[in-house]
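A.B. asks: So here's start_16.pdb (PDB, C-alpha atoms, pLDDT in the B column).
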MODEL        1
ATOM      1  CA  MET N   1     -14.502   5.387  -2.041  1.00 49.00           C
ATOM      2  CA  LEU N   2     -11.331   6.978  -3.436  1.00 49.00           C
ATOM      3  CA  ARG N   3     -11.960  10.137  -1.417  1.00 50.00           C
ATOM      4  CA  ASN N   4     -12.372   8.136   1.834  1.00 52.00           C
ATOM      5  CA  THR N   5      -9.269   6.126   1.014  1.00 51.00           C
ATOM      6  CA  ALA N   6      -7.235   9.264   0.401  1.00 51.00           C
ATOM      7  CA  LYS N   7      -8.462  10.728   3.684  1.00 48.00           C
ATOM      8  CA  THR N   8      -7.541   7.546   5.575  1.00 51.00           C
ATOM      9  CA  ILE N   9      -4.042   7.393   4.087  1.00 54.00           C
ATOM     10  CA  MET N  10      -3.444  11.117   4.629  1.00 49.00           C
ATOM     11  CA  ILE N  11      -4.523  10.889   8.284  1.00 46.00           C
ATOM     12  CA  ALA N  12      -2.165   7.966   8.828  1.00 47.00           C
ATOM     13  CA  LEU N  13       0.742   9.792   7.241  1.00 52.00           C
ATOM     14  CA  CYS N  14       0.053  12.996   9.201  1.00 45.00           C
ATOM     15  CA  LEU N  15      -0.127  11.113  12.474  1.00 42.00           C
ATOM     16  CA  GLY N  16       3.024   9.242  11.570  1.00 44.00           C
ATOM     17  CA  GLY N  17       4.908  12.505  11.117  1.00 45.00           C
ATOM     18  CA  VAL N  18       5.403  12.043   7.380  1.00 47.00           C
ATOM     19  CA  LEU N  19       3.207  14.998   6.438  1.00 46.00           C
ATOM     20  CA  SER N  20       2.667  18.248   8.235  1.00 38.00           C
ATOM     21  CA  PRO N  21      -0.143  20.794   7.771  1.00 41.00           C
ATOM     22  CA  ALA N  22       2.344  23.044   5.971  1.00 40.00           C
ATOM     23  CA  ALA N  23       3.206  20.338   3.441  1.00 44.00           C
ATOM     24  CA  SER N  24       0.662  21.553   0.900  1.00 45.00           C
ATOM     25  CA  ALA N  25       2.097  25.078   1.136  1.00 47.00           C
ATOM     26  CA  GLN N  26       5.547  23.839   0.134  1.00 50.00           C
ATOM     27  CA  PRO N  27       7.504  26.428  -1.903  1.00 53.00           C
ATOM     28  CA  GLU N  28       8.054  25.375  -5.499  1.00 58.00           C
ATOM     29  CA  ASN N  29      11.843  25.657  -5.216  1.00 53.00           C
ATOM     30  CA  GLU N  30      12.017  22.973  -2.517  1.00 62.00           C
ATOM     31  CA  SER N  31      12.514  19.381  -3.523  1.00 75.00           C
ATOM     32  CA  VAL N  32       9.554  17.031  -3.540  1.00 79.00           C
ATOM     33  CA  LYS N  33       9.454  14.565  -0.642  1.00 88.00           C
ATOM     34  CA  THR N  34       9.564  10.926  -1.665  1.00 93.00           C
ATOM     35  CA  LEU N  35       7.413   8.642   0.436  1.00 93.00           C
ATOM     36  CA  ARG N  36       8.804   5.125   0.733  1.00 95.00           C
ATOM     37  CA  LEU N  37       5.821   2.792   1.094  1.00 93.00           C
ATOM     38  CA  ALA N  38       6.258  -0.938   1.551  1.00 91.00           C
ATOM     39  CA  THR N  39       4.030  -3.441  -0.148  1.00 90.00           C
ATOM     40  CA  ARG N  40       4.081  -7.190  -0.613  1.00 87.00           C
ATOM     41  CA  GLU N  41       6.342  -8.688  -3.241  1.00 86.00           C
ATOM     42  CA  PHE N  42       3.873 -10.224  -5.693  1.00 86.00           C
ATOM     43  CA  ILE N  43       0.182 -10.638  -4.959  1.00 85.00           C
ATOM     44  CA  PRO N  44      -1.710 -10.246  -8.238  1.00 87.00           C
ATOM     45  CA  PRO N  45      -4.019  -8.552  -9.005  1.00 88.00           C
ATOM     46  CA  TYR N  46      -3.136  -6.194  -6.116  1.00 87.00           C
ATOM     47  CA  VAL N  47       0.630  -5.844  -6.680  1.00 90.00           C
ATOM     48  CA  TYR N  48       2.636  -7.114  -9.632  1.00 91.00           C
ATOM     49  CA  GLU N  49       6.396  -7.554 -10.002  1.00 88.00           C
ATOM     50  CA  ASN N  50       8.474  -4.400  -9.434  1.00 90.00           C
ATOM     51  CA  ALA N  51       5.320  -2.729  -8.025  1.00 90.00           C
ATOM     52  CA  ASP N  52       4.757  -1.184 -11.453  1.00 90.00           C
ATOM     53  CA  SER N  53       1.025  -1.840 -11.351  1.00 93.00           C
ATOM     54  CA  GLY N  54      -1.799  -3.602  -9.596  1.00 92.00           C
ATOM     55  CA  ILE N  55      -5.002  -2.523  -7.858  1.00 90.00           C
ATOM     56  CA  GLU N  56      -3.247  -1.377  -4.670  1.00 89.00           C
ATOM     57  CA  VAL N  57      -0.330   0.312  -6.457  1.00 92.00           C
ATOM     58  CA  ASP N  58      -2.641   2.103  -8.911  1.00 93.00           C
ATOM     59  CA  LEU N  59      -4.959   3.252  -6.110  1.00 90.00           C
ATOM     60  CA  VAL N  60      -2.182   4.726  -3.954  1.00 90.00           C
ATOM     61  CA  THR N  61      -0.493   6.278  -7.005  1.00 92.00           C
ATOM     62  CA  ALA N  62      -3.783   7.987  -7.948  1.00 92.00           C
ATOM     63  CA  ILE N  63      -4.225   9.326  -4.423  1.00 88.00           C
ATOM     64  CA  PHE N  64      -0.802  10.971  -4.385  1.00 89.00           C
ATOM     65  CA  ARG N  65      -0.851  12.171  -8.030  1.00 89.00           C
ATOM     66  CA  ASP N  66      -1.856  15.759  -7.187  1.00 87.00           C
ATOM     67  CA  MET N  67       0.088  16.053  -3.955  1.00 88.00           C
ATOM     68  CA  PRO N  68       3.611  17.387  -3.436  1.00 88.00           C
ATOM     69  CA  PHE N  69       5.004  13.878  -2.930  1.00 88.00           C
ATOM     70  CA  ASP N  70       6.523  11.170  -5.048  1.00 91.00           C
ATOM     71  CA  VAL N  71       5.787   7.591  -4.043  1.00 93.00           C
ATOM     72  CA  GLU N  72       8.409   4.861  -4.098  1.00 95.00           C
ATOM     73  CA  PHE N  73       7.008   1.365  -3.604  1.00 95.00           C
ATOM     74  CA  VAL N  74       9.376  -0.990  -1.825  1.00 95.00           C
ATOM     75  CA  GLN N  75       8.484  -4.662  -2.152  1.00 94.00           C
ATOM     76  CA  LEU N  76       9.460  -6.705   0.886  1.00 92.00           C
ATOM     77  CA  PRO N  77       8.425  -9.871   2.708  1.00 90.00           C
ATOM     78  CA  ARG N  78       6.027  -9.185   5.601  1.00 85.00           C
ATOM     79  CA  ILE N  79       8.578  -9.437   8.444  1.00 87.00           C
ATOM     80  CA  ARG N  80      11.093  -7.160   6.675  1.00 91.00           C
ATOM     81  CA  MET N  81       8.332  -4.634   5.984  1.00 89.00           C
ATOM     82  CA  ILE N  82       7.613  -4.399   9.698  1.00 88.00           C
ATOM     83  CA  SER N  83      11.253  -4.247  10.826  1.00 90.00           C
ATOM     84  CA  SER N  84      12.141  -1.654   8.151  1.00 92.00           C
ATOM     85  CA  PHE N  85       9.186   0.506   9.205  1.00 89.00           C
ATOM     86  CA  GLU N  86      10.123   0.221  12.886  1.00 89.00           C
ATOM     87  CA  ASP N  87      13.724   1.207  11.986  1.00 92.00           C
ATOM     88  CA  ASN N  88      12.426   4.335  10.166  1.00 91.00           C
ATOM     89  CA  GLN N  89      13.622   3.099   6.761  1.00 94.00           C
ATOM     90  CA  LEU N  90      10.058   3.351   5.404  1.00 92.00           C
ATOM     91  CA  ASP N  91       7.325   5.971   5.660  1.00 91.00           C
ATOM     92  CA  GLY N  92       4.472   3.482   5.630  1.00 89.00           C
ATOM     93  CA  ILE N  93       3.305  -0.067   5.023  1.00 88.00           C
ATOM     94  CA  LEU N  94       0.376  -0.889   2.751  1.00 85.00           C
ATOM     95  CA  THR N  95      -2.199  -3.566   3.604  1.00 76.00           C
ATOM     96  CA  GLN N  96      -0.697  -4.735   6.872  1.00 74.00           C
ATOM     97  CA  ASN N  97      -2.342  -6.437   9.820  1.00 72.00           C
ATOM     98  CA  VAL N  98      -2.950  -3.839  12.560  1.00 72.00           C
ATOM     99  CA  THR N  99      -1.574  -6.186  15.213  1.00 74.00           C
ATOM    100  CA  ALA N 100       1.757  -6.657  13.391  1.00 73.00           C
ATOM    101  CA  SER N 101       3.487  -3.726  15.089  1.00 77.00           C
ATOM    102  CA  THR N 102       2.898  -1.102  17.752  1.00 79.00           C
ATOM    103  CA  THR N 103       4.819   1.474  15.693  1.00 79.00           C
ATOM    104  CA  GLY N 104       2.856   3.945  13.577  1.00 76.00           C
ATOM    105  CA  CYS N 105      -0.852   4.526  13.286  1.00 75.00           C
ATOM    106  CA  PRO N 106      -2.955   1.770  11.714  1.00 73.00           C
ATOM    107  CA  THR N 107      -5.839   2.894   9.525  1.00 70.00           C
ATOM    108  CA  GLU N 108      -9.039   1.266   8.379  1.00 71.00           C
ATOM    109  CA  TRP N 109      -8.780  -1.212   5.506  1.00 69.00           C
ATOM    110  CA  TYR N 110      -8.986   0.414   2.091  1.00 67.00           C
ATOM    111  CA  ILE N 111      -8.898  -2.812   0.077  1.00 69.00           C
ATOM    112  CA  GLU N 112     -11.123  -5.733   0.936  1.00 71.00           C
ATOM    113  CA  HIS N 113     -11.241  -9.044  -0.865  1.00 68.00           C
ATOM    114  CA  GLN N 114     -12.488 -12.574  -0.534  1.00 75.00           C
ATOM    115  CA  ASN N 115     -10.948 -15.560  -2.278  1.00 74.00           C
ATOM    116  CA  VAL N 116     -13.454 -17.688  -4.176  1.00 77.00           C
ATOM    117  CA  ALA N 117     -13.298 -20.452  -6.744  1.00 79.00           C
ATOM    118  CA  CYS N 118     -15.721 -20.765  -9.652  1.00 75.00           C
ATOM    119  CA  ARG N 119     -16.260 -23.119 -12.535  1.00 73.00           C
ATOM    120  CA  SER N 120     -18.777 -23.267 -15.282  1.00 72.00           C
ATOM    121  CA  LYS N 121     -21.710 -25.660 -15.006  1.00 75.00           C
ATOM    122  CA  GLY N 122     -20.976 -28.947 -16.660  1.00 69.00           C
ATOM    123  CA  ALA N 123     -17.252 -28.379 -17.008  1.00 62.00           C
ATOM    124  CA  ALA N 124     -15.124 -31.301 -15.967  1.00 67.00           C
ATOM    125  CA  PHE N 125     -12.839 -30.692 -13.024  1.00 63.00           C
ATOM    126  CA  ARG N 126      -9.641 -32.649 -12.543  1.00 64.00           C
ATOM    127  CA  SER N 127      -7.161 -32.180  -9.764  1.00 58.00           C
ATOM    128  CA  THR N 128      -3.495 -32.516 -10.684  1.00 63.00           C
ATOM    129  CA  ARG N 129      -2.503 -33.466  -7.140  1.00 53.00           C
TER     130      ARG N 129
ENDMDL
END
As structure tokens - that is how I would like this structure written.

C.D. replies:
Amino acid sequence: MLRNTAKTIMIALCLGGVLSPAASAQPENESVKTLRLATREFIPPYVYENADSGIEVDLVTAIFRDMPFDVEFVQLPRIRMISSFEDNQLDGILTQNVTASTTGCPTEWYIEHQNVACRSKGAAFRSTR
């Protein structure tokens, strides 16, 4: 799955003009490009405060670990993520609805989840509302 995810993200970045085929042949004396990727502000377990960790942050960090790029995660509300991307202030948006903007190149989902609630059999349940 990680290999397919890396391929999907790399294709999106290449099509978006962030990466070029010559990027991997970058001379060592040139500075490393920093990719500014937007993510939601706080959606545990996917993204925690300051985007220091979380499933999505850890996955993208692992993908770019051996590439000539640094990744800067920018946490923004959904609407500001879109407007900042459209204004070329960001190189990409993580986990965004493909119909949110016509700018860029949407990719396939690389994180899928379903919200569920569970409780143990026989445990009392009380609502506080």

A.B. asks: Step by step, work through what the PyMOL selection byres ((chain N and resi 96) around 12) selects in the shown file, and finish by giving those residues as a tab-separated table (two decimals) with C-alpha atoms, keeping the file's coordinate frame.

C.D. replies:
chain	number	residue	atom	x	y	z
N	37	LEU	CA	5.82	2.79	1.09
N	38	ALA	CA	6.26	-0.94	1.55
N	39	THR	CA	4.03	-3.44	-0.15
N	40	ARG	CA	4.08	-7.19	-0.61
N	76	LEU	CA	9.46	-6.70	0.89
N	77	PRO	CA	8.43	-9.87	2.71
N	78	ARG	CA	6.03	-9.18	5.60
N	79	ILE	CA	8.58	-9.44	8.44
N	81	MET	CA	8.33	-4.63	5.98
N	82	ILE	CA	7.61	-4.40	9.70
N	85	PHE	CA	9.19	0.51	9.20
N	92	GLY	CA	4.47	3.48	5.63
N	93	ILE	CA	3.30	-0.07	5.02
N	94	LEU	CA	0.38	-0.89	2.75
N	95	THR	CA	-2.20	-3.57	3.60
N	97	ASN	CA	-2.34	-6.44	9.82
N	98	VAL	CA	-2.95	-3.84	12.56
N	99	THR	CA	-1.57	-6.19	15.21
N	100	ALA	CA	1.76	-6.66	13.39
N	101	SER	CA	3.49	-3.73	15.09
N	104	GLY	CA	2.86	3.94	13.58
N	105	CYS	CA	-0.85	4.53	13.29
N	106	PRO	CA	-2.96	1.77	11.71
N	107	THR	CA	-5.84	2.89	9.52
N	108	GLU	CA	-9.04	1.27	8.38
N	109	TRP	CA	-8.78	-1.21	5.51
N	110	TYR	CA	-8.99	0.41	2.09
N	111	ILE	CA	-8.90	-2.81	0.08

A.B. asks: Considering all atoms listed in the file, state which residue in the set N:Cys118, N:Glu112, N:Phe73, N:Asp52 is at the smallest distance from Thr34 in chain N.

C.D. replies: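 Smallest distance to Thr34 in chain N is found for N:Phe73.
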
A.B. asks: Quick one: residues within 7 Å of (8.7, 13.8, -5.7) (file frame), counting all atoms listed in the file, please, as an MDAnalysis selection string.

C.D. replies: chainID N and resid 32:34 68:70

A.B. asks: Quick one: 3 Å padding each side, axis-aligned, all listed atoms of range 70-89 of chain N - centre and edge lengths in Å to one decimal, as lines of an AutoDock Vina configuration file?

C.D. replies:
center_x = 9.8
center_y = 0.6
center_z = 3.9
size_x = 13.9
size_y = 27.0
size_z = 23.9

A.B. asks: Take CA of Val57 in chain N and CA of Leu90 in chain N and report the distance between them in Å, one decimal.

C.D. replies: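 Atom-to-atom, CA of Val57 in chain N to CA of Leu90 in chain N, that is 16.1 Å.
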
A.B. asks: Go through N:Gln114, N:Asp58, N:Glu41, N:Leu35 and flag the residue nearest Glu72 in chain N, using all atoms listed in the file for the distances.

C.D. replies: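 Nearest to Glu72 in chain N: N:Leu35.
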
A.B. asks: Could you please determine the separation between CA of Ile43 in chain N and CA of Val74 in chain N in Å, to one decimal place?

C.D. replies: 13.7 Å

A.B. asks: Out of N:Asn115, N:Phe42, N:Asp87, N:Arg80, which residue has the shortest atom-to-atom distance to Ile55 in chain N when counting only C-alpha atoms?

C.D. replies: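 Of N:Asn115, N:Phe42, N:Asp87, N:Arg80, the one nearest Ile55 in chain N is N:Phe42, counting only C-alpha atoms.
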
A.B. asks: Report, in Å with one decimal, the straight-line distance from CA of Pro45 in chain N to CA of Gln89 in chain N.

C.D. replies: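 A separation of 26.4 Å between them.
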
A.B. asks: Looking at all atoms listed in the file, which of N:Lys121, N:Val60, N:Val116, N:Val71 is the one that sits closest to Val47 in chain N?

C.D. replies: N:Val60
